[in-house]
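Here's the structure, in structure tokens; my notes come after.
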Amino acid sequence: MDELLELCQKRTDSPQAAAAFNDAINNCEIITLLGVVRALHVKIHLQDLDESAASIEKPRQVVSRTSAAASTRTKRRGSEETPLSHSSETAADPHHVPDLLGTRLIVQSFLEFLTKNGADAFAQFLNETVLRLVSTVHPNETERNVNLMHYTSVLEKYIDWRRDYESLEHLPPTAPEYRIRRERLNQLRRAIKAEIEGVWQANQRRKDAIPVESEARRLLERYRVILQALPTFMKFVKGLAAEAWWLYHASLHTEDPKWVATFQRHFTNLDGTGRENKLKAIKRAFAELDIQLQPPRIVNPLITFGSWKGGDRDGNPFVVAAFTNQTFIEQKLFVLTHYQTMTSQLIDKLTTSTEQFPAGAELKENLLQDRKKFPYINLNLKSWEPYRVKIRYILEKLENSIRLVKQVQQQAGTTTRPLLGQTLPGPSGYNHADELQRDINAIYESLVAHNSKAQARSMVQDIKILVDTFGLHMTSIDFRQTSEKNRSAIIEYLKADGRENEVAKLTDKHTPEPEVQKILMHLLLDQQLEMNPWIVPNLSKISRDTFETMVIFADAANTDRRAVGKFIISMCSRVSDIMVVLVMLKLVGMLESDGTKIIRCPFDVTGLLETIEDLKNGPKIYKELLSIPLIRNYICEHRQGKLTVMMGYSDSVRDGSSLASDAQISRTSLQLKQVEDELNAGLDAHHPQRVRLVFYRGRGDTIPRGFGGSVPKSIAAQLVVTREEDHTEQNRFLRRYASTSSTIDHLHMVYSAHLSRQVTPAPVPAETIQKYQRYFDFFGRISFVKWTNLVQESGTGTEYFALLSKYSILPHLPRANFASRPVARDGVTYNIESIRAIPFTMFLAQMREFTNAYYGTGTAFEKGTQWLANKGGQTAVALARAYIDAISADETTPAQVYHAILSSDTRVPHLLKTIEASMKQLVGDETKFAEFIELTKKITPDPLFTSTLKQYGSSIFVGIEALASLILETSQIRGENGALAVLQEMYRSYPPFQYSLQNKEASVLIRNKDIIDDYTESATPEEKKLLSVTEEESRLTAAWVLRITGQSELELKMINRDFNSVELTILHKIQAKFLKDYQKLFSSSKTPGRPSFEQQELEAAVHVYSCHFS
């Protein structure tokens, strides 16, 4: 391997060096190359772990709102610094591109909120600003779980080793502690070596397909770390909230000489340095002056967790009712067992005696009740140690609960009969999380009230935080299924129930949407509609399993409301898609009505806007939905006014290009905010009919899948954020939870970004937002047309996917055993409609093609700026031709008629102005309209131009008007260069565009033509022509990134990784060889049937590599 690394390093020195490197790869046996792959795979993993360990120790880059001068001033004042300094921002450097995507420190955000809104609103803000992180269990983690566990252990031990090694610098070599730590370093080194050996000697590829149960258990392993790390994070944030509170109140007293003198005296007595001493001095100053202040309490979790495990039925045939049953049980057993372990560690620690300090009244009453329930264990308890006694009772209840869950678990996975309800132990255990919370709180409050705050906060607070966050359910499980399957299930059930009239209208494609809504509304209020258990077994397989799963969710909700998350509708394109799921909830008893309104349904039904078209229609769908009084009342009375909207990032990229997705999600967010404002017009903040949208961001974890790359940057790029938000986190993303340190760092990163954007809106005026967004929409629509021409079957989609199937790992992915979910929706068809977003990104990234991350962007900027420049009036001519074609005018129609039509056509008020502004350039006389019309009849319409105009709506006139108005606006900025000036201005001032462009910049940097050429070495002339199209688009995108940013070369701003390392280059070279050899061997094989040993060996190599290098 060392020889290959050296040859690869020198390959660019000369043609001979490149040939020597290629020969070294091509002349190796398969088994040798597999060994190289294994070694490099492990090496890259270890390099990542080293970077992860180092990054934890580095300060995080944050936004600073204070000037450098103010910062210097604060440092120089030393002990005389004021508790809270405010300073104005410095003037912007006209040559500097501001970072619009930075994130503030948590304490900075808290301070800014307090400064803007005052102390009274702070408690509500803290408890309402919640981020829900949802593990999707999507199949993008190719590493075997056993190897991930090895790597996790290596990281944890390596972090410990680094700390101990650095601590040796402060000890003399002769000290006994020095020798102890040196020995510990040796032990850690040997343990790390053992873990690496474990990886090296293990199989790198799964022999069999991974079952969905294994994917679920892999997720549970991550939650072991989250359960350890979350309390530390929560206590950290609570401390920052209290610190901000005290600093804010101190700032209110800086003009009070008496308070300042008292503070300075205490601060000086505490050495006059340090953040902690400053805080102590502030508290003592208030106490001495008898100013009573009580920091707000954080009573709700700041971060909660959800999961699609067991509930994501979109495209995975293995997620069935029995598996859902099993998931609810496994999660409950997992979290109860963790509580049992934590509680058992407290029994010998909380040894406070009532002979020394009294116990709280609530704890005493609690103990009295426990003695009555468990008389059989009273003899073994010491009544003067109430905390140990209470812990013993808690353990008894936990053990009884766990014993019952284990009994029920024996049936899990094999039955569709609801099981979670059978895990309630009655008075001998914990039936609901609030029962455990009361027991823990009784201990905690008693300790705090009786001089034992240290014990409360260091020993009891951790489990208190976990119970508050995870309850007895661990994570809430979301249900997700396509709107088509939901509708089919309801129709099939209604047909079996004898409701022929409703079925006839619901199945008739010509039934208007309002009529469908009326039928569904009638079903929602029909008190006779209830589940008939005799119908479900006779339904089709998918419909039967849908209702069986819904019944399991209903049982889970009745058992533990927090166990059930949101009901997500994939491919939601109309209001009735949402109403169908509400009818399903009614059938299984999760929704109740009294004939006039919904009287019970606390569940959130969430439409997922996945395609570009769905995102465009989303605001209209939700406005229409919330305009229905029945639905509005349900949301306001039973959902506290909260309704979730989910936006699909990766699927919208796959559907319409990365730039179009970025632009449309930005537009949809703005429009949804407008819908919310319109619905709440005239209602005060506490009005019972007020609606509050919650954004559910279905983000991917890589640059080509939207919202990927840098998570803090992606959050900071959002123009509209909601107080509560849900963010998906996928399996590969869950590597952030490899250790407690990396977990705390990750939680801090996402929460601080979410908090920062809550407090500090994007620094763009409303009117400027509308202006920039119009341009963003325009360029996004061009990108959409360019992308769909490449991937849709109406363009070159058939040829492009044939090329990818021939030269990439696409056809090998289904047999690589890296996931339970099929690569394509139907399992067999590889086209843009069927391919899943994750494998689509996977094989494009492995080829280093990355088309879904950049394609269409260069053309959008190139063509878009040309059209906006209207050089020589050419765009005006094209617009006029599009208008003439749209009104279907006769070729002999006089020009005067066109002028009259245009003058009175309210659909395109800016078109005539654009034409009149261009005529002098075209015909030399700004009054010769007839000559202009003759010019328009001679041109051949550009398909890209015409298709872009049609993207604006159902009528092309909308597109004509939009472009005409943009041309007039652009010409007023800087003539023919106005469009470039706008793009440069957007990059400096518009966060969504800056984020989008940085993603495109990263994608063309990561793309590598030499590697693509390696994979496609034997491409035909037609295939090479198609590849040249993507290459040209890549070059065009790179050129426009440089023009817009003003940089001399591309920079990788999103992620910190060397994509051109020798290790990656060798891996690409080996994979290309495997694929080429595989194709040659199978194309030359003349004996159908069982493959030869050589074929089997090569196929296994391809599959191993497919898993290794994703």
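Order determines the names: the first chain of the structure tokens is A, the second B, and so forth; residues in each chain are numbered 1 upward, and ligands are numbered 1 upward as they are shown.
Look at segment 513-516 of chain A: the protein and nucleic acid residues within 8 Å of it, using only C-alpha atoms and passing over chain neighbours fewer than 6 places away, are Lys505, Leu506 and Ser576 of chain A.
Residues in contact range of Leu419 of chain A, defined as at most 8 Å between only C-alpha atoms, with sequence neighbours fewer than 5 positions away removed, read Asn325, Ile329, Val408, Ala412, Ile552 and Asp555 of chain A.
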Selection export as a PDB file, in the first residue's frame, atoms kept: N, CA and C atoms:
```pdb
ATOM      1  N   ASN A 325     -45.090  -2.674  16.002  1.00  0.00           N
ATOM      2  CA  ASN A 325     -45.368  -3.206  17.334  1.00  0.00           C
ATOM      3  C   ASN A 325     -44.074  -3.431  18.104  1.00  0.00           C
ATOM      4  N   ILE A 329     -42.217  -1.480  21.684  1.00  0.00           N
ATOM      5  CA  ILE A 329     -41.817  -2.273  22.858  1.00  0.00           C
ATOM      6  C   ILE A 329     -40.321  -2.135  23.114  1.00  0.00           C
ATOM      7  N   VAL A 408     -44.024  -9.133  27.462  1.00  0.00           N
ATOM      8  CA  VAL A 408     -44.775  -8.734  26.269  1.00  0.00           C
ATOM      9  C   VAL A 408     -43.878  -8.772  25.035  1.00  0.00           C
ATOM     10  N   ALA A 412     -43.552  -9.648  20.398  1.00  0.00           N
ATOM     11  CA  ALA A 412     -43.288  -8.563  19.447  1.00  0.00           C
ATOM     12  C   ALA A 412     -42.637  -9.102  18.179  1.00  0.00           C
ATOM     13  N   ILE A 552     -52.212   0.002  15.932  1.00  0.00           N
ATOM     14  CA  ILE A 552     -51.076  -0.080  16.863  1.00  0.00           C
ATOM     15  C   ILE A 552     -50.695   1.316  17.354  1.00  0.00           C
ATOM     16  N   ASP A 555     -53.242   2.357  19.948  1.00  0.00           N
ATOM     17  CA  ASP A 555     -52.964   1.716  21.233  1.00  0.00           C
ATOM     18  C   ASP A 555     -51.793   2.400  21.927  1.00  0.00           C
TER      19      ASP A 555
END
```
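For Phe553 of chain A, the non-local neighbours within 9 Å, defined as residues at least 2 positions apart in the same chain or in other chains and counting only C-alpha atoms, are Thr324, Asn325, Pro418, Ile477, Phe479, Glu548, Thr549, Met550, Val551, Asp555, Ala556, Ala557, Asn558, Ala563, Val564, Val588 and Met590 of chain A.
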Can I get the selection written as a PDB file, in the first residue's frame, with N, CA, C and O atoms?
```
ATOM      1  N   THR A 324     -43.708  -2.390  13.587  1.00  0.00           N
ATOM      2  CA  THR A 324     -44.098  -1.207  14.355  1.00  0.00           C
ATOM      3  C   THR A 324     -44.374  -1.590  15.806  1.00  0.00           C
ATOM      4  O   THR A 324     -43.934  -0.907  16.745  1.00  0.00           O
ATOM      5  N   ASN A 325     -45.090  -2.674  16.002  1.00  0.00           N
ATOM      6  CA  ASN A 325     -45.368  -3.206  17.334  1.00  0.00           C
ATOM      7  C   ASN A 325     -44.074  -3.431  18.104  1.00  0.00           C
ATOM      8  O   ASN A 325     -43.917  -3.015  19.256  1.00  0.00           O
ATOM      9  N   PRO A 418     -52.035  -5.082  19.007  1.00  0.00           N
ATOM     10  CA  PRO A 418     -51.335  -4.031  19.752  1.00  0.00           C
ATOM     11  C   PRO A 418     -50.783  -4.554  21.075  1.00  0.00           C
ATOM     12  O   PRO A 418     -51.469  -5.260  21.815  1.00  0.00           O
ATOM     13  N   ILE A 477     -42.584   8.253  17.670  1.00  0.00           N
ATOM     14  CA  ILE A 477     -42.462   7.627  16.356  1.00  0.00           C
ATOM     15  C   ILE A 477     -43.450   8.271  15.391  1.00  0.00           C
ATOM     16  O   ILE A 477     -44.642   8.362  15.676  1.00  0.00           O
ATOM     17  N   PHE A 479     -45.516   8.400  11.813  1.00  0.00           N
ATOM     18  CA  PHE A 479     -46.093   7.529  10.786  1.00  0.00           C
ATOM     19  C   PHE A 479     -45.955   8.253   9.460  1.00  0.00           C
ATOM     20  O   PHE A 479     -46.333   9.415   9.336  1.00  0.00           O
ATOM     21  N   GLU A 548     -53.858  -1.928  10.304  1.00  0.00           N
ATOM     22  CA  GLU A 548     -53.292  -2.625  11.464  1.00  0.00           C
ATOM     23  C   GLU A 548     -52.219  -1.760  12.129  1.00  0.00           C
ATOM     24  O   GLU A 548     -52.135  -1.713  13.368  1.00  0.00           O
ATOM     25  N   THR A 549     -51.431  -1.074  11.313  1.00  0.00           N
ATOM     26  CA  THR A 549     -50.412  -0.170  11.867  1.00  0.00           C
ATOM     27  C   THR A 549     -51.065   1.001  12.584  1.00  0.00           C
ATOM     28  O   THR A 549     -50.632   1.412  13.673  1.00  0.00           O
ATOM     29  N   MET A 550     -52.119   1.557  11.995  1.00  0.00           N
ATOM     30  CA  MET A 550     -52.823   2.673  12.630  1.00  0.00           C
ATOM     31  C   MET A 550     -53.445   2.256  13.962  1.00  0.00           C
ATOM     32  O   MET A 550     -53.447   3.028  14.925  1.00  0.00           O
ATOM     33  N   VAL A 551     -53.938   1.041  14.032  1.00  0.00           N
ATOM     34  CA  VAL A 551     -54.498   0.537  15.290  1.00  0.00           C
ATOM     35  C   VAL A 551     -53.400   0.434  16.349  1.00  0.00           C
ATOM     36  O   VAL A 551     -53.612   0.754  17.528  1.00  0.00           O
ATOM     37  N   ASP A 555     -53.242   2.357  19.948  1.00  0.00           N
ATOM     38  CA  ASP A 555     -52.964   1.716  21.233  1.00  0.00           C
ATOM     39  C   ASP A 555     -51.793   2.400  21.927  1.00  0.00           C
ATOM     40  O   ASP A 555     -51.826   2.641  23.144  1.00  0.00           O
ATOM     41  N   ALA A 556     -50.753   2.722  21.155  1.00  0.00           N
ATOM     42  CA  ALA A 556     -49.592   3.409  21.732  1.00  0.00           C
ATOM     43  C   ALA A 556     -49.981   4.772  22.278  1.00  0.00           C
ATOM     44  O   ALA A 556     -49.534   5.185  23.359  1.00  0.00           O
ATOM     45  N   ALA A 557     -50.834   5.501  21.549  1.00  0.00           N
ATOM     46  CA  ALA A 557     -51.266   6.826  22.003  1.00  0.00           C
ATOM     47  C   ALA A 557     -52.083   6.741  23.280  1.00  0.00           C
ATOM     48  O   ALA A 557     -51.957   7.593  24.173  1.00  0.00           O
ATOM     49  N   ASN A 558     -52.933   5.719  23.377  1.00  0.00           N
ATOM     50  CA  ASN A 558     -53.718   5.547  24.601  1.00  0.00           C
ATOM     51  C   ASN A 558     -52.850   5.155  25.782  1.00  0.00           C
ATOM     52  O   ASN A 558     -53.148   5.486  26.923  1.00  0.00           O
ATOM     53  N   ALA A 563     -45.509   8.751  22.972  1.00  0.00           N
ATOM     54  CA  ALA A 563     -44.894   7.717  22.134  1.00  0.00           C
ATOM     55  C   ALA A 563     -45.213   7.919  20.663  1.00  0.00           C
ATOM     56  O   ALA A 563     -44.485   7.426  19.793  1.00  0.00           O
ATOM     57  N   VAL A 564     -46.293   8.615  20.384  1.00  0.00           N
ATOM     58  CA  VAL A 564     -46.747   8.816  19.006  1.00  0.00           C
ATOM     59  C   VAL A 564     -46.345  10.207  18.538  1.00  0.00           C
ATOM     60  O   VAL A 564     -46.618  11.203  19.212  1.00  0.00           O
ATOM     61  N   VAL A 588     -59.786   4.593  13.704  1.00  0.00           N
ATOM     62  CA  VAL A 588     -59.074   3.827  14.746  1.00  0.00           C
ATOM     63  C   VAL A 588     -59.244   4.447  16.124  1.00  0.00           C
ATOM     64  O   VAL A 588     -58.575   4.029  17.081  1.00  0.00           O
ATOM     65  N   MET A 590     -58.604   7.619  17.198  1.00  0.00           N
ATOM     66  CA  MET A 590     -57.686   8.677  17.620  1.00  0.00           C
ATOM     67  C   MET A 590     -58.290  10.063  17.403  1.00  0.00           C
ATOM     68  O   MET A 590     -57.701  11.065  17.811  1.00  0.00           O
TER      69      MET A 590
END
```
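Using only C-alpha atoms, the residues found no farther than 9 Å from His41 of chain A, other than those of its own chain fewer than 2 positions away, are Val36, Val37, Arg38, Ala39, Lys43, Ile44, His45, Leu46, Glu1063, Leu1067, His1108 and Phe1109 of chain A.
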- Task: Name the residues in contact with segment 432-434 of chain A at a cut-off of 12 Å, using only C-alpha atoms, excluding same-chain residues fewer than 3 positions from it; report them as number ranges by chain.
- Result: A: 332, 335-336, 339, 397-398, 401, 421, 423-427, 429, 437-442, 464, 466-474, 556-563
Save out the residues we just selected, N, CA, C and O atoms, as a compact mmCIF listing (two decimals), in the first residue's frame.
```txt
# COMPACT_ATOMS: atom_id res chain seq x y z
N LYS A 332 -39.35 1.23 24.67
CA LYS A 332 -39.74 1.35 26.07
C LYS A 332 -38.80 0.54 26.95
O LYS A 332 -38.34 1.03 28.00
N VAL A 335 -35.26 2.39 27.26
CA VAL A 335 -35.15 3.55 28.13
C VAL A 335 -35.39 3.18 29.59
O VAL A 335 -34.75 3.72 30.50
N LEU A 336 -36.30 2.24 29.86
CA LEU A 336 -36.52 1.80 31.25
C LEU A 336 -35.27 1.16 31.82
O LEU A 336 -34.92 1.37 32.99
N TYR A 339 -32.84 3.83 32.79
CA TYR A 339 -33.22 4.45 34.06
C TYR A 339 -32.87 3.54 35.23
O TYR A 339 -32.42 4.01 36.28
N LYS A 397 -40.27 -0.32 41.32
CA LYS A 397 -41.25 -0.01 40.27
C LYS A 397 -40.65 -0.19 38.87
O LYS A 397 -41.31 -0.71 37.96
N LEU A 398 -39.40 0.23 38.72
CA LEU A 398 -38.75 0.04 37.42
C LEU A 398 -38.57 -1.43 37.08
O LEU A 398 -38.81 -1.86 35.94
N SER A 401 -41.85 -2.91 36.08
CA SER A 401 -42.22 -2.45 34.73
C SER A 401 -41.41 -3.17 33.67
O SER A 401 -41.95 -3.61 32.65
N GLY A 421 -50.06 -1.38 25.08
CA GLY A 421 -51.05 -1.27 26.16
C GLY A 421 -50.94 -2.38 27.18
O GLY A 421 -51.39 -2.23 28.32
N THR A 423 -48.21 -3.39 28.44
CA THR A 423 -47.02 -3.18 29.27
C THR A 423 -47.29 -2.31 30.49
O THR A 423 -46.35 -1.97 31.21
N LEU A 424 -48.54 -1.95 30.76
CA LEU A 424 -48.86 -1.13 31.93
C LEU A 424 -48.93 -2.02 33.17
O LEU A 424 -49.79 -2.91 33.24
N PRO A 425 -48.07 -1.78 34.13
CA PRO A 425 -47.98 -2.70 35.28
C PRO A 425 -48.97 -2.43 36.41
O PRO A 425 -49.00 -3.16 37.40
N GLY A 426 -49.75 -1.34 36.28
CA GLY A 426 -50.64 -1.01 37.38
C GLY A 426 -49.90 -0.36 38.53
O GLY A 426 -48.83 0.23 38.35
N PRO A 427 -50.40 -0.48 39.77
CA PRO A 427 -49.78 0.22 40.91
C PRO A 427 -48.39 -0.30 41.28
O PRO A 427 -47.68 0.36 42.03
N GLY A 429 -45.84 -0.62 39.29
CA GLY A 429 -44.78 -0.06 38.46
C GLY A 429 -45.17 1.32 37.95
O GLY A 429 -46.00 2.01 38.54
N GLN A 437 -41.62 10.94 36.97
CA GLN A 437 -41.20 12.34 37.17
C GLN A 437 -41.50 12.81 38.58
O GLN A 437 -40.66 13.49 39.21
N ARG A 438 -42.68 12.47 39.11
CA ARG A 438 -43.04 12.89 40.47
C ARG A 438 -42.07 12.30 41.50
O ARG A 438 -41.66 12.98 42.44
N ASP A 439 -41.73 11.03 41.31
CA ASP A 439 -40.79 10.40 42.25
C ASP A 439 -39.42 11.07 42.21
O ASP A 439 -38.83 11.36 43.26
N ILE A 440 -38.92 11.31 41.00
CA ILE A 440 -37.60 11.94 40.87
C ILE A 440 -37.64 13.38 41.38
O ILE A 440 -36.73 13.83 42.09
N ASN A 441 -38.70 14.10 41.04
CA ASN A 441 -38.82 15.50 41.48
C ASN A 441 -38.92 15.61 42.99
O ASN A 441 -38.41 16.57 43.59
N ALA A 442 -39.58 14.63 43.63
CA ALA A 442 -39.69 14.66 45.09
C ALA A 442 -38.30 14.60 45.73
O ALA A 442 -38.03 15.32 46.70
N LYS A 464 -33.40 13.24 36.06
CA LYS A 464 -34.57 14.14 35.97
C LYS A 464 -34.69 14.70 34.56
O LYS A 464 -35.78 14.73 33.96
N LEU A 466 -33.45 13.39 31.79
CA LEU A 466 -33.75 12.32 30.85
C LEU A 466 -35.22 11.92 30.90
O LEU A 466 -35.85 11.69 29.86
N VAL A 467 -35.79 11.83 32.09
CA VAL A 467 -37.20 11.47 32.21
C VAL A 467 -38.07 12.56 31.60
O VAL A 467 -39.07 12.27 30.92
N ASP A 468 -37.69 13.82 31.82
CA ASP A 468 -38.45 14.92 31.21
C ASP A 468 -38.41 14.84 29.68
O ASP A 468 -39.39 15.18 29.01
N THR A 469 -37.28 14.40 29.14
CA THR A 469 -37.10 14.39 27.69
C THR A 469 -37.63 13.12 27.04
O THR A 469 -38.32 13.17 26.03
N PHE A 470 -37.30 11.98 27.63
CA PHE A 470 -37.58 10.69 26.97
C PHE A 470 -38.77 9.94 27.57
O PHE A 470 -39.24 8.97 26.97
N GLY A 471 -39.24 10.37 28.73
CA GLY A 471 -40.39 9.72 29.34
C GLY A 471 -40.21 8.22 29.43
O GLY A 471 -39.13 7.71 29.73
N LEU A 472 -41.28 7.46 29.18
CA LEU A 472 -41.21 6.01 29.12
C LEU A 472 -41.23 5.51 27.67
O LEU A 472 -41.29 4.31 27.43
N HIS A 473 -41.19 6.45 26.73
CA HIS A 473 -41.32 6.08 25.32
C HIS A 473 -40.02 6.16 24.56
O HIS A 473 -39.87 5.60 23.50
N MET A 474 -39.06 6.88 25.05
CA MET A 474 -37.75 7.20 24.48
C MET A 474 -37.88 8.22 23.35
O MET A 474 -37.50 9.36 23.52
N ALA A 556 -50.75 2.72 21.15
CA ALA A 556 -49.59 3.41 21.73
C ALA A 556 -49.98 4.77 22.28
O ALA A 556 -49.53 5.19 23.36
N ALA A 557 -50.83 5.50 21.55
CA ALA A 557 -51.27 6.83 22.00
C ALA A 557 -52.08 6.74 23.28
O ALA A 557 -51.96 7.59 24.17
N ASN A 558 -52.93 5.72 23.38
CA ASN A 558 -53.72 5.55 24.60
C ASN A 558 -52.85 5.16 25.78
O ASN A 558 -53.15 5.49 26.92
N THR A 559 -51.77 4.45 25.49
CA THR A 559 -50.85 4.01 26.54
C THR A 559 -49.92 5.13 26.98
O THR A 559 -49.69 5.34 28.17
N ASP A 560 -49.36 5.83 26.01
CA ASP A 560 -48.39 6.90 26.28
C ASP A 560 -48.48 7.90 25.14
O ASP A 560 -47.95 7.65 24.05
N ARG A 561 -49.16 9.01 25.36
CA ARG A 561 -49.38 9.99 24.29
C ARG A 561 -48.08 10.41 23.63
O ARG A 561 -48.03 10.63 22.41
N ARG A 562 -47.01 10.52 24.39
CA ARG A 562 -45.75 11.01 23.84
C ARG A 562 -45.05 9.99 22.96
O ARG A 562 -44.09 10.32 22.25
N ALA A 563 -45.51 8.75 22.97
CA ALA A 563 -44.89 7.72 22.13
C ALA A 563 -45.21 7.92 20.66
O ALA A 563 -44.48 7.43 19.79
```
- Item | Who sits within 9 Å of segment 902-910 of chain A, only C-alpha atoms, same chain under 5 positions skipped, as a PyMOL selection string | chain A and resi 897+915+957-958+960-965+968
Could you take the residues named above and write them with C-alpha atoms, as a short mmCIF file (atom, residue, chain, number, x, y, z; two decimals), in the first residue's frame?
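Okay, this is what ended up in part.cif:
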```cif
data_model
loop_
_atom_site.label_atom_id
_atom_site.label_comp_id
_atom_site.auth_asym_id
_atom_site.auth_seq_id
_atom_site.Cartn_x
_atom_site.Cartn_y
_atom_site.Cartn_z
CA VAL A 897 -54.21 45.06 -33.33
CA ILE A 915 -41.03 46.31 -25.91
CA PHE A 957 -48.61 35.00 -19.30
CA VAL A 958 -47.45 34.89 -15.66
CA ILE A 960 -43.96 36.67 -19.55
CA GLU A 961 -44.99 39.35 -17.07
CA ALA A 962 -42.46 38.22 -14.46
CA LEU A 963 -39.53 38.34 -16.89
CA ALA A 964 -40.65 41.63 -18.45
CA SER A 965 -40.79 43.31 -15.05
CA LEU A 968 -37.14 46.72 -16.60
#
```
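Atom pair atom CA of Asn617 of chain A / atom CA of Thr1037 of chain A: separated by 29.0 Å.
For the atom pair formed by atom CA of Glu362 of chain A and atom CA of Lys349 of chain A, the distance is 20.8 Å, given to one decimal.
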- Message: Based on the backbone DSSP call, show me all residues of segment 252-315 of chain A assigned alpha helix (DSSP H), as a PyMOL selection string.
- Response: chain A and resi 257-269+275-288
- Message: When you count only C-alpha atoms, which of these residues is closest to Gln994 of chain A: A:Asp662, A:Asp348, A:Asp271, A:Glu169?
- Response: A:Asp662
- Query: Within 12 Å of segment 932-943 of chain A, counting only C-alpha atoms, which residues qualify if same-chain residues fewer than 5 places away don't, as a ChimeraX atom specification?
  - Reply: /A:782,785-786,789,795,863,867,873-885,889-899,912,915-927,948-950
Where does segment 984-1016 of chain A meet segment 852-861 of chain A within 12 Å, residue by residue, with the nearest atom pair and distance in Å to one decimal for each, counting only C-alpha atoms, listed by chain and rising number, as CSV?
```
residue,atom,partner,partner_atom,distance
A:Gln984,CA,A:Phe861,CA,11.6
A:Ser996,CA,A:Tyr854,CA,9.9
A:Leu997,CA,A:Thr857,CA,9.0
A:Gln998,CA,A:Tyr854,CA,10.7
A:Asn999,CA,A:Ala853,CA,7.6
A:Lys1000,CA,A:Tyr854,CA,5.3
A:Glu1001,CA,A:Tyr854,CA,8.3
A:Ala1002,CA,A:Ala853,CA,8.9
A:Ser1003,CA,A:Ala853,CA,5.9
A:Val1004,CA,A:Tyr854,CA,6.9
A:Leu1005,CA,A:Tyr854,CA,10.4
A:Ile1006,CA,A:Ala853,CA,10.3
A:Arg1007,CA,A:Tyr854,CA,9.6
```
Write the residues you've just listed into a file as a short mmCIF file (atom, residue, chain, number, x, y, z; two decimals), in the first residue's frame, and include N, CA, C and O atoms for each of them.
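Result file follows (out-v1.cif):
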```
data_model
loop_
_atom_site.label_atom_id
_atom_site.label_comp_id
_atom_site.auth_asym_id
_atom_site.auth_seq_id
_atom_site.Cartn_x
_atom_site.Cartn_y
_atom_site.Cartn_z
N GLN A 984 -24.37 39.54 -7.48
CA GLN A 984 -23.29 39.85 -6.53
C GLN A 984 -23.86 40.47 -5.25
O GLN A 984 -23.41 40.17 -4.15
N SER A 996 -26.82 28.76 -0.85
CA SER A 996 -26.99 27.96 -2.06
C SER A 996 -25.75 28.02 -2.94
O SER A 996 -25.28 26.98 -3.43
N LEU A 997 -25.21 29.20 -3.13
CA LEU A 997 -24.05 29.33 -4.01
C LEU A 997 -22.82 28.65 -3.41
O LEU A 997 -22.02 28.05 -4.13
N GLN A 998 -22.66 28.73 -2.10
CA GLN A 998 -21.53 28.04 -1.47
C GLN A 998 -21.65 26.53 -1.61
O GLN A 998 -20.64 25.83 -1.74
N ASN A 999 -22.87 26.02 -1.60
CA ASN A 999 -23.07 24.59 -1.85
C ASN A 999 -22.67 24.22 -3.28
O ASN A 999 -22.06 23.18 -3.52
N LYS A 1000 -23.05 25.07 -4.25
CA LYS A 1000 -22.68 24.80 -5.64
C LYS A 1000 -21.17 24.88 -5.82
O LYS A 1000 -20.57 24.10 -6.56
N GLU A 1001 -20.57 25.83 -5.12
CA GLU A 1001 -19.11 25.98 -5.17
C GLU A 1001 -18.43 24.72 -4.65
O GLU A 1001 -17.48 24.21 -5.26
N ALA A 1002 -18.95 24.19 -3.55
CA ALA A 1002 -18.37 22.96 -2.99
C ALA A 1002 -18.54 21.79 -3.95
O ALA A 1002 -17.63 20.97 -4.13
N SER A 1003 -19.70 21.71 -4.58
CA SER A 1003 -19.99 20.56 -5.45
C SER A 1003 -19.08 20.52 -6.66
O SER A 1003 -18.61 19.45 -7.07
N VAL A 1004 -18.82 21.68 -7.29
CA VAL A 1004 -17.94 21.66 -8.47
C VAL A 1004 -16.48 21.49 -8.05
O VAL A 1004 -15.66 21.02 -8.86
N LEU A 1005 -16.16 21.85 -6.81
CA LEU A 1005 -14.81 21.57 -6.32
C LEU A 1005 -14.62 20.07 -6.08
O LEU A 1005 -13.56 19.51 -6.38
N ILE A 1006 -15.63 19.43 -5.55
CA ILE A 1006 -15.54 18.00 -5.26
C ILE A 1006 -15.60 17.18 -6.54
O ILE A 1006 -14.95 16.12 -6.65
N ARG A 1007 -16.38 17.65 -7.51
CA ARG A 1007 -16.45 16.94 -8.79
C ARG A 1007 -15.05 16.83 -9.39
O ARG A 1007 -14.24 17.75 -9.30
#
```
- If you run DSSP on this backbone, which residues of segment 633-866 of chain A come out as strand (DSSP E), and could you give them as number ranges by chain? A: 642-648, 692-698, 724-729
